[in-house]
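K.L.:
Sending over coords-v1.txt (compact mmCIF, C-alpha atoms and all ligand atoms).
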```txt
# COMPACT_ATOMS: atom_id res chain seq x y z
CA MET R 1 68.75 109.75 85.16
CA THR R 2 65.85 109.62 82.71
CA THR R 3 62.63 111.00 84.05
CA SER R 4 59.81 113.32 83.16
CA ASN R 5 58.29 113.86 86.61
CA PRO R 6 59.59 117.25 87.93
CA SER R 7 59.41 116.06 91.58
CA LYS R 8 61.57 113.10 90.70
CA GLN R 9 63.98 115.34 88.83
CA GLU R 10 64.38 117.80 91.68
CA PHE R 11 64.80 114.97 94.22
CA LEU R 12 67.48 113.13 92.25
CA ALA R 13 69.26 116.38 91.35
CA VAL R 14 69.73 117.31 95.03
CA LEU R 15 70.91 113.81 95.98
CA LYS R 16 73.44 113.92 93.18
CA SER R 17 74.69 117.43 93.96
CA VAL R 18 75.12 116.72 97.69
CA LEU R 19 76.40 113.14 97.54
CA GLY R 20 77.98 112.93 94.09
CA GLU R 21 77.42 110.04 91.66
CA SER R 22 76.78 106.73 93.36
CA GLY R 23 79.35 104.84 91.27
CA SER R 24 79.61 101.05 91.27
CA SER R 25 78.33 100.47 94.81
CA PRO R 26 75.20 102.13 96.14
CA ILE R 27 75.38 104.97 98.66
CA ALA R 28 74.12 103.55 101.96
CA LEU R 29 71.38 105.13 104.04
CA HIS R 30 73.73 105.13 107.03
CA GLU R 31 76.96 103.20 107.33
CA PRO R 32 79.47 102.87 110.17
CA ASN R 33 82.87 104.54 109.99
CA ILE R 34 85.54 102.24 111.42
CA GLY R 35 89.08 103.59 111.67
CA GLN R 36 92.47 102.71 113.06
CA ARG R 37 91.62 103.49 116.67
CA GLU R 38 88.72 101.02 116.51
CA ASN R 39 91.06 98.31 115.20
CA GLU R 40 93.62 99.06 117.91
CA LEU R 41 91.22 98.93 120.84
CA VAL R 42 89.37 95.83 119.64
CA SER R 43 92.71 94.04 119.08
CA LYS R 44 93.86 95.03 122.55
CA CYS R 45 90.62 93.70 123.97
CA LEU R 46 91.02 90.41 122.10
CA SER R 47 94.59 90.02 123.32
CA SER R 48 93.53 90.64 126.90
CA GLY R 49 91.07 87.75 126.79
CA TRP R 50 88.43 89.92 128.52
CA VAL R 51 85.92 89.77 125.68
CA SER R 52 82.74 89.13 127.62
CA SER R 53 80.67 90.95 130.21
CA VAL R 54 83.54 92.07 132.47
CA GLY R 55 86.44 94.32 131.49
CA GLU R 56 88.00 97.76 131.54
CA TYR R 57 86.36 99.01 128.34
CA ILE R 58 82.85 98.63 129.74
CA SER R 59 83.49 101.03 132.60
CA GLU R 60 85.51 103.37 130.37
CA PHE R 61 82.69 103.43 127.83
CA GLU R 62 80.07 104.05 130.51
CA THR R 63 82.10 106.88 132.04
CA GLY R 64 82.54 108.46 128.60
CA LEU R 65 78.85 108.17 127.80
CA ALA R 66 77.81 109.64 131.15
CA LYS R 67 80.20 112.56 130.56
CA PHE R 68 79.05 113.19 126.99
CA THR R 69 75.36 113.12 127.90
CA ASN R 70 75.87 114.78 131.29
CA SER R 71 73.89 111.95 132.83
CA LYS R 72 74.75 110.81 136.35
CA HIS R 73 74.71 107.14 135.29
CA ALA R 74 75.11 105.29 132.00
CA ILE R 75 74.74 101.51 131.94
CA ALA R 76 75.96 99.78 128.77
CA ILE R 77 73.52 97.18 127.44
CA VAL R 78 73.61 94.61 124.60
CA ASN R 79 71.31 96.61 122.32
CA GLY R 80 68.71 99.37 122.30
CA THR R 81 65.75 96.98 122.39
CA ALA R 82 67.06 95.20 125.49
CA ALA R 83 67.82 98.59 127.05
CA LEU R 84 64.22 99.71 126.55
CA HIS R 85 62.84 96.39 127.84
CA LEU R 86 64.99 96.52 130.96
CA ALA R 87 64.27 100.22 131.53
CA LEU R 88 60.50 99.66 131.38
CA HIS R 89 60.76 96.62 133.66
CA ALA R 90 62.98 98.47 136.14
CA VAL R 91 60.68 101.50 136.44
CA GLY R 92 57.80 99.17 137.31
CA VAL R 93 55.83 98.49 134.12
CA LYS R 94 53.82 95.35 134.95
CA PRO R 95 52.11 92.67 132.87
CA GLY R 96 48.65 93.92 131.88
CA ASP R 97 49.59 97.62 132.03
CA GLU R 98 49.26 99.89 129.03
CA VAL R 99 52.21 102.03 127.95
CA LEU R 100 51.79 105.05 125.66
CA VAL R 101 54.05 104.96 122.59
CA PRO R 102 54.11 106.89 119.31
CA THR R 103 52.79 104.82 116.40
CA LEU R 104 55.45 106.47 114.21
CA SER R 105 58.51 104.68 115.55
CA PHE R 106 60.75 101.68 115.00
CA VAL R 107 59.10 98.42 116.05
CA ALA R 108 61.36 98.02 119.12
CA THR R 109 59.54 100.86 120.91
CA ALA R 110 56.31 98.82 121.01
CA ASN R 111 57.92 95.37 121.22
CA SER R 112 59.78 96.27 124.40
CA VAL R 113 56.42 97.10 126.00
CA SER R 114 55.10 93.69 124.90
CA HIS R 115 58.25 92.02 126.30
CA CYS R 116 57.12 93.31 129.72
CA GLY R 117 53.73 91.62 129.24
CA ALA R 118 52.24 95.11 128.85
CA ILE R 119 50.20 96.51 125.95
CA PRO R 120 51.36 99.39 123.76
CA HIS R 121 48.77 102.18 123.50
CA PHE R 122 49.47 104.14 120.35
CA VAL R 123 49.41 107.93 120.17
CA ASP R 124 49.81 110.55 117.47
CA SER R 125 52.77 112.57 116.25
CA ASP R 126 53.64 116.25 116.14
CA PRO R 127 53.90 117.42 112.51
CA GLU R 128 56.86 119.68 113.35
CA THR R 129 59.12 117.47 115.48
CA LEU R 130 57.84 114.10 114.11
CA GLY R 131 57.82 112.89 117.75
CA LEU R 132 54.92 112.14 120.07
CA ASP R 133 52.55 115.15 120.27
CA PRO R 134 52.14 116.14 123.96
CA LEU R 135 49.04 118.27 123.35
CA ALA R 136 47.26 115.57 121.37
CA LEU R 137 48.22 113.15 124.16
CA ARG R 138 46.68 115.41 126.82
CA GLU R 139 43.47 115.69 124.81
CA HIS R 140 43.36 111.93 124.32
CA LEU R 141 43.92 111.18 128.01
CA SER R 142 41.41 113.75 129.19
CA ALA R 143 38.72 112.03 127.08
CA ASN R 144 39.78 108.39 127.52
CA ALA R 145 41.54 107.93 130.85
CA SER R 146 40.95 108.74 134.51
CA LEU R 147 43.08 108.95 137.64
CA ARG R 148 42.04 106.64 140.48
CA ASP R 149 44.04 106.58 143.73
CA GLY R 150 46.92 108.24 141.91
CA GLU R 151 46.95 105.69 139.06
CA LEU R 152 45.83 106.37 135.53
CA HIS R 153 43.35 103.96 133.96
CA ASN R 154 42.08 103.55 130.42
CA THR R 155 38.31 104.10 130.80
CA THR R 156 37.54 101.67 127.95
CA THR R 157 39.83 98.73 128.80
CA GLY R 158 40.04 99.38 132.55
CA ARG R 159 43.78 98.74 132.42
CA ARG R 160 46.37 100.82 134.26
CA ILE R 161 48.39 103.15 132.03
CA SER R 162 51.74 103.26 133.77
CA ALA R 163 54.27 104.89 131.46
CA VAL R 164 54.91 106.87 128.30
CA VAL R 165 57.80 106.38 125.86
CA PRO R 166 58.56 109.51 123.82
CA MET R 167 61.01 108.97 120.96
CA HIS R 168 63.27 111.49 119.23
CA THR R 169 62.53 110.67 115.62
CA PHE R 170 65.52 110.43 113.26
CA GLY R 171 67.51 112.33 115.91
CA HIS R 172 65.23 115.40 116.06
CA PRO R 173 64.30 116.20 119.67
CA MET R 174 60.57 115.99 120.40
CA GLN R 175 58.79 118.46 122.74
CA ILE R 176 60.08 116.77 125.86
CA ALA R 177 59.34 119.60 128.36
CA ALA R 178 55.66 119.67 127.36
CA LEU R 179 55.53 115.87 127.52
CA ILE R 180 57.00 115.87 131.04
CA ASP R 181 54.22 118.30 132.07
CA VAL R 182 51.53 115.97 130.71
CA ALA R 183 53.20 112.98 132.37
CA LYS R 184 53.19 114.81 135.74
CA GLU R 185 49.54 115.72 135.33
CA TYR R 186 48.60 112.07 134.72
CA ASN R 187 51.18 110.39 136.96
CA LEU R 188 52.95 108.62 134.11
CA THR R 189 56.57 107.46 134.29
CA VAL R 190 58.62 108.77 131.37
CA VAL R 191 61.11 106.42 129.71
CA GLU R 192 62.72 108.21 126.77
CA ASP R 193 63.57 106.18 123.70
CA ALA R 194 66.65 108.12 122.61
CA ALA R 195 67.91 105.23 120.45
CA GLU R 196 68.33 107.61 117.49
CA SER R 197 69.44 110.75 119.26
CA ILE R 198 72.95 110.43 120.72
CA GLY R 199 74.35 113.94 120.27
CA SER R 200 70.92 115.64 120.16
CA PHE R 201 70.11 118.28 122.73
CA VAL R 202 67.22 120.43 123.91
CA GLY R 203 69.01 123.65 124.78
CA LYS R 204 72.11 122.20 126.40
CA VAL R 205 70.43 119.12 127.86
CA HIS R 206 70.99 115.78 126.16
CA THR R 207 68.00 113.79 124.97
CA GLY R 208 67.37 110.71 127.08
CA THR R 209 68.10 112.54 130.36
CA PHE R 210 64.73 114.22 130.93
CA GLY R 211 62.61 111.27 132.04
CA LYS R 212 63.06 108.74 134.84
CA CYS R 213 65.53 107.13 132.46
CA GLY R 214 66.36 107.07 128.76
CA THR R 215 67.79 104.52 126.35
CA LEU R 216 70.28 104.68 123.48
CA SER R 217 71.18 102.37 120.59
CA PHE R 218 74.60 101.81 119.02
CA ASN R 219 73.48 99.51 116.24
CA GLY R 220 75.64 99.59 113.09
CA ASN R 221 73.22 102.03 111.45
CA LYS R 222 73.40 104.63 114.25
CA THR R 223 75.50 107.81 114.59
CA PHE R 224 78.21 105.69 116.18
CA THR R 225 78.31 101.96 116.72
CA THR R 226 79.44 99.23 119.08
CA GLY R 227 78.41 96.55 116.56
CA GLY R 228 75.26 95.86 118.54
CA GLY R 229 74.76 97.87 121.67
CA GLY R 230 72.72 100.24 123.74
CA ALA R 231 72.70 102.04 127.06
CA ILE R 232 70.38 103.26 129.78
CA LEU R 233 70.86 106.78 131.12
CA THR R 234 69.50 107.90 134.46
CA ASN R 235 70.14 110.47 137.17
CA ASP R 236 68.49 108.27 139.79
CA ASP R 237 71.08 106.46 141.96
CA GLU R 238 68.73 103.74 143.20
CA LEU R 239 67.36 103.03 139.74
CA ALA R 240 70.88 102.86 138.26
CA LYS R 241 71.87 100.33 140.91
CA ARG R 242 68.80 98.21 140.22
CA ILE R 243 69.31 98.34 136.45
CA ARG R 244 72.97 97.31 136.77
CA HIS R 245 71.97 94.42 138.98
CA LEU R 246 69.11 93.28 136.72
CA ALA R 247 71.31 93.57 133.60
CA THR R 248 73.79 91.08 135.06
CA THR R 249 71.46 88.20 136.08
CA ALA R 250 70.84 89.79 139.51
CA LYS R 251 74.01 88.10 140.73
CA VAL R 252 74.90 88.97 144.29
CA PRO R 253 78.67 89.52 144.55
CA HIS R 254 80.45 86.53 146.09
CA ASP R 255 83.89 85.01 145.50
CA TYR R 256 82.61 81.68 144.20
CA GLU R 257 78.91 81.07 144.94
CA TYR R 258 76.10 81.57 142.44
CA ILE R 259 73.63 83.70 144.33
CA HIS R 260 70.91 85.44 142.31
CA ASP R 261 68.13 87.32 144.06
CA ALA R 262 65.69 88.07 141.22
CA VAL R 263 64.56 86.76 137.84
CA ALA R 264 66.74 89.01 135.73
CA PHE R 265 68.53 89.44 132.41
CA ASN R 266 71.88 88.83 130.76
CA TYR R 267 71.81 92.22 129.03
CA ARG R 268 75.21 93.80 129.89
CA MET R 269 77.27 94.95 126.92
CA PRO R 270 80.33 92.71 126.33
CA ASN R 271 83.76 94.27 126.77
CA ILE R 272 84.66 93.69 123.11
CA ASN R 273 81.72 95.83 121.98
CA ALA R 274 82.63 98.45 124.57
CA ALA R 275 86.20 98.56 123.17
CA LEU R 276 84.73 99.48 119.78
CA GLY R 277 82.45 101.95 121.58
CA CYS R 278 85.37 103.71 123.31
CA ALA R 279 87.07 104.31 119.96
CA GLN R 280 83.84 105.48 118.32
CA LEU R 281 82.90 107.75 121.21
CA SER R 282 86.28 109.51 120.90
CA ARG R 283 85.27 110.39 117.30
CA LEU R 284 81.64 111.32 118.01
CA ASP R 285 82.18 115.09 117.78
CA ASP R 286 83.75 114.63 114.32
CA PHE R 287 80.83 112.48 113.18
CA LEU R 288 78.33 115.06 114.46
CA SER R 289 80.14 117.94 112.70
CA ALA R 290 80.24 116.02 109.42
CA LYS R 291 76.57 115.18 109.70
CA ARG R 292 75.68 118.84 110.32
CA ILE R 293 77.55 119.83 107.16
CA LEU R 294 75.68 117.16 105.20
CA ALA R 295 72.35 118.36 106.62
CA LYS R 296 73.19 121.96 105.73
CA LYS R 297 73.96 120.96 102.14
CA TYR R 298 70.66 119.11 101.92
CA ALA R 299 68.79 122.08 103.43
CA GLU R 300 70.32 124.38 100.81
CA GLY R 301 69.71 121.87 98.02
CA PHE R 302 66.05 121.33 98.86
CA SER R 303 65.33 125.01 99.66
CA SER R 304 64.10 125.66 96.13
CA ALA R 305 62.30 122.32 95.71
CA ARG R 306 58.64 122.76 94.87
CA SER R 307 57.05 119.52 96.07
CA MET R 308 59.10 118.63 99.14
CA GLN R 309 60.93 120.13 102.11
CA PHE R 310 63.98 119.11 104.05
CA VAL R 311 63.17 118.40 107.72
CA THR R 312 65.29 120.60 110.02
CA GLU R 313 65.92 120.52 113.77
CA PRO R 314 63.05 121.89 115.88
CA HIS R 315 63.51 125.43 117.25
CA GLY R 316 65.64 125.54 120.42
CA THR R 317 67.17 122.12 119.81
CA THR R 318 70.31 120.67 118.30
CA SER R 319 69.70 117.55 116.26
CA ASN R 320 72.32 114.96 115.44
CA TYR R 321 70.64 114.65 112.01
CA TRP R 322 70.93 110.89 112.38
CA LEU R 323 68.71 110.21 109.38
CA ASN R 324 68.17 113.12 107.06
CA THR R 325 64.58 113.32 105.93
CA ILE R 326 62.45 115.01 103.33
CA ARG R 327 58.73 115.52 103.66
CA LEU R 328 56.44 115.77 100.62
CA ASN R 329 54.32 118.91 100.65
CA LYS R 330 51.26 116.71 100.80
CA PRO R 331 50.79 113.04 101.69
CA ASP R 332 51.15 111.04 98.48
CA LEU R 333 52.07 107.36 98.74
CA ALA R 334 52.37 106.96 94.97
CA LEU R 335 54.83 109.86 94.69
CA ARG R 336 56.73 108.69 97.78
CA ASP R 337 57.20 105.24 96.28
CA GLU R 338 58.10 106.64 92.86
CA LEU R 339 60.85 108.77 94.42
CA LEU R 340 62.11 105.84 96.48
CA SER R 341 62.30 103.54 93.47
CA ALA R 342 64.01 106.17 91.31
CA ALA R 343 66.60 107.02 93.96
CA ARG R 344 67.36 103.38 94.69
CA ALA R 345 67.67 102.64 90.97
CA ASP R 346 70.26 105.43 90.79
CA GLY R 347 72.21 103.97 93.75
CA TYR R 348 70.95 106.22 96.58
CA MET R 349 69.63 103.95 99.36
CA CYS R 350 66.60 105.90 100.52
CA ARG R 351 63.90 104.47 102.80
CA PRO R 352 60.32 105.36 103.77
CA ALA R 353 59.39 105.92 107.41
CA TRP R 354 58.45 102.74 109.28
CA ASN R 355 55.04 101.21 108.72
CA LEU R 356 52.94 102.61 111.56
CA LEU R 357 53.18 100.31 114.57
CA HIS R 358 49.41 100.03 115.15
CA THR R 359 49.09 98.48 111.67
CA LEU R 360 51.53 95.62 112.36
CA PRO R 361 49.82 92.25 112.95
CA MET R 362 51.07 91.75 116.53
CA HIS R 363 49.96 95.24 117.59
CA GLU R 364 46.82 95.78 115.50
CA SER R 365 44.39 95.07 118.34
CA SER R 366 46.17 97.45 120.74
CA PRO R 367 44.39 100.59 121.96
CA ARG R 368 45.09 103.82 120.15
CA ALA R 369 44.28 107.49 119.96
CA LYS R 370 43.22 109.16 116.72
CA LEU R 371 46.34 109.11 114.54
CA PRO R 372 45.79 111.55 111.64
CA VAL R 373 49.19 113.25 111.75
CA ALA R 374 51.15 110.00 111.87
CA GLN R 375 49.09 108.67 108.93
CA ASN R 376 49.99 111.76 106.91
CA LEU R 377 53.64 111.64 107.88
CA TRP R 378 53.89 107.97 106.94
CA GLN R 379 52.77 108.87 103.43
CA SER R 380 55.10 111.88 103.19
CA LEU R 381 58.49 111.02 104.69
CA ILE R 382 61.60 109.73 102.94
CA ASN R 383 64.95 109.14 104.66
CA ILE R 384 67.95 109.97 102.51
CA PRO R 385 71.63 108.96 102.78
CA SER R 386 73.08 110.31 106.02
CA SER R 387 76.50 108.77 106.73
CA ALA R 388 79.15 110.97 108.31
CA ARG R 389 81.77 109.88 105.78
CA HIS R 390 80.52 112.22 103.03
CA TYR R 391 81.85 115.31 104.81
CA LEU R 392 84.13 113.85 107.51
CA GLY R 393 87.08 116.09 108.28
CA GLN R 394 85.57 119.12 106.50
CA LYS R 395 84.76 122.41 108.20
C1 LIG J 401 63.43 104.31 117.93
C2 LIG J 401 64.23 103.09 118.16
N1 LIG J 401 64.04 102.40 119.30
C3 LIG J 401 64.74 101.31 119.58
C4 LIG J 401 65.68 100.82 118.71
C5 LIG J 401 66.35 99.54 119.03
O1 LIG J 401 67.71 99.56 119.06
P1 LIG J 401 68.57 98.25 118.70
O2 LIG J 401 68.51 98.06 117.23
O3 LIG J 401 69.92 98.60 119.20
O4 LIG J 401 67.97 97.10 119.44
C6 LIG J 401 65.94 101.52 117.52
C7 LIG J 401 66.95 101.15 116.53
O5 LIG J 401 67.33 100.30 115.98
C8 LIG J 401 65.18 102.66 117.23
O6 LIG J 401 65.36 103.34 116.08
```
Could the structure of this file be written out as structure tokens, please?
P.N.:
Amino acid sequence: MTTSNPSKQEFLAVLKSVLGESGSSPIALHEPNIGQRENELVSKCLSSGWVSSVGEYISEFETGLAKFTNSKHAIAIVNGTAALHLALHAVGVKPGDEVLVPTLSFVATANSVSHCGAIPHFVDSDPETLGLDPLALREHLSANASLRDGELHNTTTGRRISAVVPMHTFGHPMQIAALIDVAKEYNLTVVEDAAESIGSFVGKVHTGTFGKCGTLSFNGNKTFTTGGGGAILTNDDELAKRIRHLATTAKVPHDYEYIHDAVAFNYRMPNINAALGCAQLSRLDDFLSAKRILAKKYAEGFSSARSMQFVTEPHGTTSNYWLNTIRLNKPDLALRDELLSAARADGYMCRPAWNLLHTLPMHESSPRAKLPVAQNLWQSLINIPSSARHYLGQK
């Protein structure tokens, strides 16, 4: 560690004190933790021959997820992107609609809107939660949209704005209650992108259960994994039934005939992934505890830092601390990149926040609000290693 920049020194010193030396292989940003139980259940699944979209682990996994999130229904899906696509389709997003999404998000949030033939309409972030800012959204809609016959329209493009997709950034719950109020005022359907926030709560209510429906991801980089995987949560019986049907090619049950009554999707999670999911779900509380210890160590470590702060869970919420994050005291791309390069050179796999979605070539002509906060955050945020393994089993 040779450096003269004090910001770099303080950054690397905290990483080293919390994570230890990186050794011969780099310390990942977030890696899965696969144990004996995972091996047992996946082997059992393989031996049973039920490896595809039917099998006991799918229903067991869905029941476990519904219980953990206190959601009436959980439908296991092949991945978080497909879950979001299907959720938007099922709630009635139509080709040519606009859907409000935060520009500070992973690309799947906007792509899933495009997969519906709709257009993402980018909105700004809250500097505290890092999620969509409900007050900035209200201001934007009051100046740029109008309600006609109960439907919201963009006054510039004339298009219907049918839904909003809040996202809980890096696992930190956004201001969902305020967002629901704005959505009611403007007759918008809320589909929560909770891909990053399994185990994150507002009060005692799990993220992803506030809107009409919510989606999760169990990609290998998430708090727990099914290899690839996702889920849709909803408390709406009719919607759950429709989603289940649409996720399995809209096949009407029959002993031998192929009857399908809609153009639908093959999006159901395979049983073999669900077997892995059942084992991982049984260890979720341990992962969450270990991640809270890691976050606490980081918070202590960065408390005396002069040029950066550790991002903590918003007041009144419990975050899963999926990806631990520091924020520079002021936006500074050069410093951000210097810290990233130095950490990576020392074996700590840090990452910047995603490039803002409205700047990506396929979304650059999409409508947008003013985005000053997201621009600042993009230049200020760094994700730091966050795997549960560092403090697993510790109290
Ligand atoms: C915010 C957000 N939305 C959606 C997704 C998509 O999930 P998946 O990778 O399972 O398709 C992810 C994660 O990868 C994500 O971080």
K.L.:
Pick out the residues no farther than 8 Å from ligand LIG 401 (chain J), counting all atoms listed in the file, and list them as a PyMOL selection string.
P.N.:
chain R and resi 78-84+105-109+167-170+193-196+216-219+221-222+228-230
K.L.:
One decimal, Å: what's the distance from CA of Ser365 in chain R over to CA of Val123 in chain R, could you say?
P.N.:
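About the pair CA of Ser365 in chain R and CA of Val123 in chain R: they are 13.9 Å apart.
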K.L.:
How many Å lie between CA of Val93 in chain R and CA of Pro127 in chain R, rounded to one decimal?
P.N.:
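So the answer is 28.8 Å.
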K.L.:
Could you check the closest approach to Lys204 in chain R for each of R:Trp50, R:Ile272, R:Asn144, R:Pro173 and tell me which residue wins, using all atoms listed in the file?
P.N.:
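Among the listed residues, R:Pro173 lies closest to Lys204 in chain R.
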K.L.:
Which one is closest to Met349 in chain R: R:Leu12, R:Cys213, R:Ile384, R:Ala374? Count all atoms listed in the file.
P.N.:
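Between R:Leu12, R:Cys213, R:Ile384, R:Ala374, the residue approaching Met349 in chain R most closely is R:Ile384.
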K.L.:
Just want the 12 Å neighbourhood of Ser303 in chain R, counted on all atoms listed in the file, with same-chain residues fewer than 5 positions away dropped. Output as a PyMOL selection string.
P.N.:
chain R and resi 10-11+14+295-298+308-312+326
K.L.:
Return the single residue from R:Ser53, R:Glu38, R:Arg160, R:Thr69 that is closest to Lys94 in chain R, with distances computed using only C-alpha atoms.
P.N.:
R:Arg160
K.L.:
Pick from R:Leu392, R:Leu233, R:Val113, R:Val42: nearest to Ser289 in chain R, with only C-alpha atoms counted?
P.N.:
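Under the stated criterion, the closest residue is R:Leu392.
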K.L.:
For Met174 in chain R, please output as a PyMOL selection string all residues within 7 Å (counting all atoms listed in the file; exclusion window: fewer than 6 positions along the same chain).
P.N.:
chain R and resi 129+131-132+168
K.L.:
Would you mind listing what lies within 9 Å of Asp286 in chain R as a PyMOL selection string, with all atoms listed in the file counted and same-chain residues fewer than 4 positions away left out?
P.N.:
chain R and resi 282+290-291+388+392-393
K.L.:
At what distance in Å, to one decimal, does CA of Val101 in chain R lie from CA of Arg292 in chain R?
P.N.:
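CA of Val101 in chain R lies at a distance of 28.5 Å from CA of Arg292 in chain R.
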K.L.:
Which residue out of R:Arg37, R:Ser17, R:Val91, R:Leu29 has the minimum interatomic distance to Leu340 in chain R when all atoms listed in the file are used?
P.N.:
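Going through R:Arg37, R:Ser17, R:Val91, R:Leu29 one by one, the smallest distance to Leu340 in chain R is for R:Leu29.
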K.L.:
Pick out the closest residue to Gly347 in chain R from this set: R:His206, R:Pro385, R:Asn5, R:Ala264. Count only C-alpha atoms.
P.N.:
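Checking each of R:His206, R:Pro385, R:Asn5, R:Ala264 against Gly347 in chain R, counting only C-alpha atoms, the winner is R:Pro385.
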K.L.:
Place a sphere of radius 6 Å on (52.7, 103.9, 117.3) in the file coordinates and name every protein, DNA or RNA residue with an atom inside or on its surface, counting all atoms listed in the file; give the answer as a CSV table (one decimal) with C-alpha atoms, keeping the file's coordinate frame.
P.N.:
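Result saved to part.csv:
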```
chain,number,residue,atom,x,y,z
R,101,VAL,CA,54.0,105.0,122.6
R,102,PRO,CA,54.1,106.9,119.3
R,103,THR,CA,52.8,104.8,116.4
R,104,LEU,CA,55.4,106.5,114.2
R,122,PHE,CA,49.5,104.1,120.4
R,123,VAL,CA,49.4,107.9,120.2
R,356,LEU,CA,52.9,102.6,111.6
R,357,LEU,CA,53.2,100.3,114.6
R,358,HIS,CA,49.4,100.0,115.2
```
K.L.:
Do a neighbour search on range 329-338 of chain R at 6 Å with only C-alpha atoms, toss out local chain neighbours closer than 2 positions, and write the hits as a VMD selection string.
P.N.:
chain R and resid 307 to 308 340 to 341 376 379 to 380
K.L.:
Please identify all polymer residues within 8 Å of Cys278 in chain R, counting all atoms listed in the file, omitting same-chain residues fewer than 4 positions from it, and present them as number ranges by chain.
P.N.:
R: 41, 57, 60-61, 64, 274, 282
K.L.:
Write a file for range 103-108 of chain R of the given structure; include all heavy atoms and format it as a PDB file, in the first residue's frame.
P.N.:
```pdb
ATOM      1  N   THR R 103     -33.261   6.616 -12.563  1.00  0.00           N
ATOM      2  CA  THR R 103     -32.111   6.492 -13.479  1.00  0.00           C
ATOM      3  C   THR R 103     -30.934   5.815 -12.780  1.00  0.00           C
ATOM      4  O   THR R 103     -30.097   5.199 -13.431  1.00  0.00           O
ATOM      5  CB  THR R 103     -31.699   7.850 -14.071  1.00  0.00           C
ATOM      6  OG1 THR R 103     -30.736   7.612 -15.099  1.00  0.00           O
ATOM      7  CG2 THR R 103     -31.101   8.785 -13.010  1.00  0.00           C
ATOM      8  N   LEU R 104     -30.887   5.929 -11.431  1.00  0.00           N
ATOM      9  CA  LEU R 104     -29.831   5.247 -10.683  1.00  0.00           C
ATOM     10  C   LEU R 104     -30.345   3.853 -10.325  1.00  0.00           C
ATOM     11  O   LEU R 104     -30.979   3.638  -9.290  1.00  0.00           O
ATOM     12  CB  LEU R 104     -29.479   6.028  -9.407  1.00  0.00           C
ATOM     13  CG  LEU R 104     -28.358   5.409  -8.571  1.00  0.00           C
ATOM     14  CD1 LEU R 104     -27.018   5.527  -9.263  1.00  0.00           C
ATOM     15  CD2 LEU R 104     -28.270   6.060  -7.189  1.00  0.00           C
ATOM     16  N   SER R 105     -30.105   2.905 -11.217  1.00  0.00           N
ATOM     17  CA  SER R 105     -30.516   1.527 -10.978  1.00  0.00           C
ATOM     18  C   SER R 105     -29.725   0.625 -11.908  1.00  0.00           C
ATOM     19  O   SER R 105     -29.024   1.102 -12.815  1.00  0.00           O
ATOM     20  CB  SER R 105     -32.018   1.347 -11.234  1.00  0.00           C
ATOM     21  OG  SER R 105     -32.435   0.042 -10.858  1.00  0.00           O
ATOM     22  N   PHE R 106     -29.867  -0.675 -11.687  1.00  0.00           N
ATOM     23  CA  PHE R 106     -29.291  -1.660 -12.608  1.00  0.00           C
ATOM     24  C   PHE R 106     -30.127  -1.641 -13.893  1.00  0.00           C
ATOM     25  O   PHE R 106     -31.328  -1.371 -13.868  1.00  0.00           O
ATOM     26  CB  PHE R 106     -29.321  -3.042 -11.948  1.00  0.00           C
ATOM     27  CG  PHE R 106     -28.766  -4.135 -12.805  1.00  0.00           C
ATOM     28  CD1 PHE R 106     -27.444  -4.104 -13.222  1.00  0.00           C
ATOM     29  CD2 PHE R 106     -29.560  -5.205 -13.204  1.00  0.00           C
ATOM     30  CE1 PHE R 106     -26.929  -5.121 -14.027  1.00  0.00           C
ATOM     31  CE2 PHE R 106     -29.055  -6.221 -13.997  1.00  0.00           C
ATOM     32  CZ  PHE R 106     -27.730  -6.177 -14.408  1.00  0.00           C
ATOM     33  N   VAL R 107     -29.488  -1.971 -15.001  1.00  0.00           N
ATOM     34  CA  VAL R 107     -30.106  -1.812 -16.316  1.00  0.00           C
ATOM     35  C   VAL R 107     -31.412  -2.599 -16.467  1.00  0.00           C
ATOM     36  O   VAL R 107     -32.300  -2.209 -17.246  1.00  0.00           O
ATOM     37  CB  VAL R 107     -29.087  -2.184 -17.425  1.00  0.00           C
ATOM     38  CG1 VAL R 107     -28.782  -3.691 -17.444  1.00  0.00           C
ATOM     39  CG2 VAL R 107     -29.536  -1.704 -18.783  1.00  0.00           C
ATOM     40  N   ALA R 108     -31.568  -3.691 -15.708  1.00  0.00           N
ATOM     41  CA  ALA R 108     -32.778  -4.514 -15.840  1.00  0.00           C
ATOM     42  C   ALA R 108     -34.044  -3.729 -15.510  1.00  0.00           C
ATOM     43  O   ALA R 108     -35.114  -4.027 -16.052  1.00  0.00           O
ATOM     44  CB  ALA R 108     -32.676  -5.735 -14.923  1.00  0.00           C
TER      45      ALA R 108
END
```
